[in-house]
Amino acid sequence: MGPLAGVRIVEIAGIGPGPFAAMMLADMGADIIRVDRAGQVYGGDPATPPKDVMNRGRRSIGVDLKNPEGVETVLGLVEKADALIEGFRPGVTERLGIGPDACLARNPKLVYGRMTGWGQDGPMAQMAGHDMNYIAIGGALGAIGRPNERPQPPLNLVGDFGGGGMLLAFGIACGIIEARMSGKGQVVDASMVDGTAVLTTFMHGFMAMGLWSDERGVNMLDTGAHYYEVYECSDGKFLSVGAIEPQFYAELLEKTGLAGDEEFAKQNDRSMWPHLKERLAAVIATKTRDEWAAIFDGSDACVAPILSLVESTTNAHTVARKTFVENAGVVQPAPAPRFSRTEGSIQRPPSHPGQHTDEVLKEWGVADDARLAALRAEGAIA
């Protein structure tokens, strides 16, 4: 049983960060009901679950949120829930009849989690956008890349997930703890712009201390330094080098045959960084990635081979840690973080939309068989 066992959450189906937040909470034991659109219910064999593993761990019901009885059905779930997750533009759930005021009126202890890109207010709040746009305004995108080159988007990890879904999951957990002490619920406004900005706190602190330039690609941690960089090996694969501390840097030089070199002794002479990067690149290019990995294995040089998504699943360390697991035939990241006593787990594979409508509504006390038949006849559920 995970640390959130006994927590009940209603998730209004969405994309990206909202489902990721729900996955994180479900992995920790929360009972989460995903409310899918009735029109998306197509059946599906439970023995052959969908492959979208970010939807793992939750049961699904099919509801028509444009049907008053469908809205009433969701509000019935809200009465029994600790939290709700939604990821629409500001004002959409209010128009549907399941906004914060309507839900908190039915359950004053409810934590109402709202996931958006821009936030619930501000001049851009009603604009469309995606991860790249949010991290652009939050300051992260402009800081990632090489000097005098285009910024390099870090997939959609910073906005959608690190600064979005993870932020919402944290907010929901905090809100539930507070509600259990105060007896009062509240709205959690999780914005990917805000989350992205929070992730850059370290850089803002370093800028205030005069240790970080607003110019991209010239700082110690943005590949400006030769000892914090990625290098190409002789086989076209890559090596990550992060030897910041003097003792780790010394080991890097020893393993690469550069110990005692007068130029490399000038580790933090920024004027030397471009030249030293060229020299270190030439050395790294003499061996394959795996040859370097063997040389640095077990050392404190802070060097690791750069693996692909597939390669990472079979790495000796991730295998030993069981970082990846196979569930319903799909290899995927295991729940994290790890708890010594109340371990998280994948409760179930992804559900087909509407797979558990009857089961959930009866279990949560929202509808009996007669009520289910009436709701289905009215098109409120599927």
# chains A, B, ... in the order shown; residues from 1 in each chain; ligands from 1
>>> residues_around(residues="A:Tyr134", least_positions_apart="6", cutoff="10 Å", atoms="only C-alpha atoms", output="PyMOL selection string")
chain A and resi 116-118+140-141+158-160+163-164+191-197
>>> residues_around(residues="A:Ile172", least_positions_apart="3", cutoff="12 Å", atoms="only C-alpha atoms", output="PyMOL selection string")
chain A and resi 4+7-11+18+21-22+24-25+30+82-86+110-115+165-169+175-179+185-190
>>> select_by_dssp(residues="stretch 98-309 of chain A", states="helix (DSSP H, G or I)", output="ChimeraX atom specification")
/A:100-106,131-138,141-143,157-182,192-199,201-208,246-256,270-284,289-296,309
>>> residues_around(residues="A:Val241", least_positions_apart="3", cutoff="10 Å", atoms="only C-alpha atoms", output="list in words")
Thr223, His226, Tyr227, Tyr228, Glu229, Val230, Tyr231, Phe238, Ile244, Tyr249, Leu252, Ala301, Cys302, Val303, Ala304, Pro305 and Ile306 of chain A
>>> write_last_selection(atoms="all heavy atoms", output="compact mmCIF listing (two decimals), in the first residue's frame")
# COMPACT_ATOMS: atom_id res chain seq x y z
N THR A 223 27.08 23.95 -20.43
CA THR A 223 28.08 23.47 -21.39
C THR A 223 29.08 24.55 -21.79
O THR A 223 29.82 24.37 -22.74
CB THR A 223 27.45 22.86 -22.67
OG1 THR A 223 26.90 23.89 -23.49
CG2 THR A 223 26.39 21.82 -22.32
N HIS A 226 34.51 23.28 -20.16
CA HIS A 226 34.97 22.03 -20.80
C HIS A 226 34.72 20.82 -19.91
O HIS A 226 34.62 19.70 -20.41
CB HIS A 226 36.46 22.13 -21.13
CG HIS A 226 37.34 22.32 -19.94
ND1 HIS A 226 37.38 23.51 -19.22
CD2 HIS A 226 38.20 21.49 -19.30
CE1 HIS A 226 38.22 23.39 -18.20
NE2 HIS A 226 38.75 22.18 -18.24
N TYR A 227 34.62 21.04 -18.61
CA TYR A 227 34.44 19.92 -17.69
C TYR A 227 32.97 19.65 -17.38
O TYR A 227 32.64 18.83 -16.53
CB TYR A 227 35.22 20.15 -16.39
CG TYR A 227 34.92 21.47 -15.70
CD1 TYR A 227 33.82 21.61 -14.86
CD2 TYR A 227 35.75 22.58 -15.88
CE1 TYR A 227 33.54 22.81 -14.23
CE2 TYR A 227 35.49 23.78 -15.25
CZ TYR A 227 34.38 23.89 -14.42
OH TYR A 227 34.11 25.08 -13.80
N TYR A 228 32.06 20.35 -18.06
CA TYR A 228 30.61 20.09 -17.94
C TYR A 228 30.03 20.17 -19.34
O TYR A 228 29.47 21.18 -19.76
CB TYR A 228 29.97 21.11 -17.00
CG TYR A 228 28.69 20.60 -16.37
CD1 TYR A 228 28.71 19.90 -15.17
CD2 TYR A 228 27.46 20.80 -16.98
CE1 TYR A 228 27.56 19.42 -14.59
CE2 TYR A 228 26.29 20.32 -16.40
CZ TYR A 228 26.35 19.63 -15.21
OH TYR A 228 25.19 19.14 -14.64
N GLU A 229 30.17 19.06 -20.06
CA GLU A 229 29.89 19.09 -21.49
C GLU A 229 29.59 17.66 -21.97
O GLU A 229 29.81 16.68 -21.25
CB GLU A 229 31.12 19.66 -22.22
CG GLU A 229 31.09 19.71 -23.72
CD GLU A 229 29.97 20.53 -24.31
OE1 GLU A 229 28.81 20.07 -24.21
OE2 GLU A 229 30.23 21.61 -24.88
N VAL A 230 29.06 17.55 -23.16
CA VAL A 230 28.88 16.25 -23.80
C VAL A 230 29.87 16.16 -24.96
O VAL A 230 30.08 17.14 -25.68
CB VAL A 230 27.44 16.04 -24.30
CG1 VAL A 230 26.47 16.00 -23.13
CG2 VAL A 230 27.01 17.13 -25.27
N TYR A 231 30.46 14.99 -25.13
CA TYR A 231 31.50 14.80 -26.14
C TYR A 231 31.20 13.60 -27.02
O TYR A 231 30.68 12.58 -26.55
CB TYR A 231 32.86 14.60 -25.46
CG TYR A 231 33.37 15.85 -24.78
CD1 TYR A 231 33.18 16.05 -23.42
CD2 TYR A 231 34.04 16.83 -25.50
CE1 TYR A 231 33.64 17.20 -22.79
CE2 TYR A 231 34.50 17.99 -24.89
CZ TYR A 231 34.29 18.17 -23.54
OH TYR A 231 34.74 19.32 -22.93
N PHE A 238 27.93 9.23 -27.55
CA PHE A 238 28.33 10.38 -26.74
C PHE A 238 28.60 10.04 -25.29
O PHE A 238 28.10 9.04 -24.74
CB PHE A 238 27.26 11.47 -26.84
CG PHE A 238 27.09 11.99 -28.24
CD1 PHE A 238 26.20 11.39 -29.12
CD2 PHE A 238 27.83 13.07 -28.69
CE1 PHE A 238 26.05 11.86 -30.41
CE2 PHE A 238 27.70 13.56 -29.98
CZ PHE A 238 26.80 12.94 -30.85
N ILE A 244 33.00 18.78 -11.84
CA ILE A 244 33.07 20.15 -11.33
C ILE A 244 34.09 20.31 -10.21
O ILE A 244 34.99 21.17 -10.28
CB ILE A 244 31.67 20.59 -10.83
CG1 ILE A 244 30.66 20.56 -11.97
CG2 ILE A 244 31.74 21.98 -10.21
CD1 ILE A 244 29.23 20.81 -11.52
N TYR A 249 37.64 16.53 -10.97
CA TYR A 249 38.32 17.03 -12.17
C TYR A 249 39.69 16.37 -12.30
O TYR A 249 40.10 15.98 -13.40
CB TYR A 249 38.45 18.54 -12.08
CG TYR A 249 39.09 19.20 -13.28
CD1 TYR A 249 38.44 19.26 -14.51
CD2 TYR A 249 40.36 19.79 -13.19
CE1 TYR A 249 39.01 19.89 -15.61
CE2 TYR A 249 40.94 20.42 -14.27
CZ TYR A 249 40.27 20.46 -15.48
OH TYR A 249 40.85 21.07 -16.57
N LEU A 252 39.23 12.99 -13.68
CA LEU A 252 38.94 13.08 -15.11
C LEU A 252 40.23 13.20 -15.91
O LEU A 252 40.44 12.50 -16.91
CB LEU A 252 38.04 14.29 -15.40
CG LEU A 252 37.87 14.68 -16.87
CD1 LEU A 252 37.08 13.62 -17.62
CD2 LEU A 252 37.18 16.05 -16.99
N ALA A 301 35.10 10.42 -11.44
CA ALA A 301 35.35 11.46 -12.43
C ALA A 301 34.07 12.13 -12.92
O ALA A 301 34.13 13.10 -13.68
CB ALA A 301 36.11 10.87 -13.62
N CYS A 302 32.91 11.63 -12.50
CA CYS A 302 31.62 12.19 -12.92
C CYS A 302 31.46 12.13 -14.44
O CYS A 302 31.16 13.12 -15.11
CB CYS A 302 31.45 13.62 -12.41
SG CYS A 302 31.55 13.76 -10.62
N VAL A 303 31.68 10.94 -14.97
CA VAL A 303 31.54 10.68 -16.40
C VAL A 303 30.60 9.50 -16.58
O VAL A 303 30.70 8.50 -15.87
CB VAL A 303 32.90 10.37 -17.05
CG1 VAL A 303 32.73 9.96 -18.51
CG2 VAL A 303 33.84 11.58 -16.94
N ALA A 304 29.67 9.62 -17.53
CA ALA A 304 28.74 8.52 -17.79
C ALA A 304 28.40 8.49 -19.28
O ALA A 304 28.35 9.54 -19.94
CB ALA A 304 27.46 8.69 -16.97
N PRO A 305 28.17 7.30 -19.82
CA PRO A 305 27.77 7.20 -21.22
C PRO A 305 26.36 7.76 -21.40
O PRO A 305 25.51 7.63 -20.53
CB PRO A 305 27.80 5.70 -21.49
CG PRO A 305 27.54 5.07 -20.14
CD PRO A 305 28.22 5.98 -19.16
N ILE A 306 26.13 8.40 -22.52
CA ILE A 306 24.80 8.92 -22.83
C ILE A 306 24.01 7.82 -23.53
O ILE A 306 24.37 7.37 -24.62
CB ILE A 306 24.88 10.18 -23.70
CG1 ILE A 306 25.58 11.30 -22.91
CG2 ILE A 306 23.49 10.62 -24.16
CD1 ILE A 306 25.77 12.58 -23.68
>>> select_by_dssp(residues="stretch 60-183 of chain A", states="strand (DSSP E or B)", output="list in words")
Ser60, Ile61, Gly62, Val63, Ala83, Leu84, Ile85, Glu86, Val111, Tyr112, Gly113, Arg114, Met115 and Thr116 of chain A
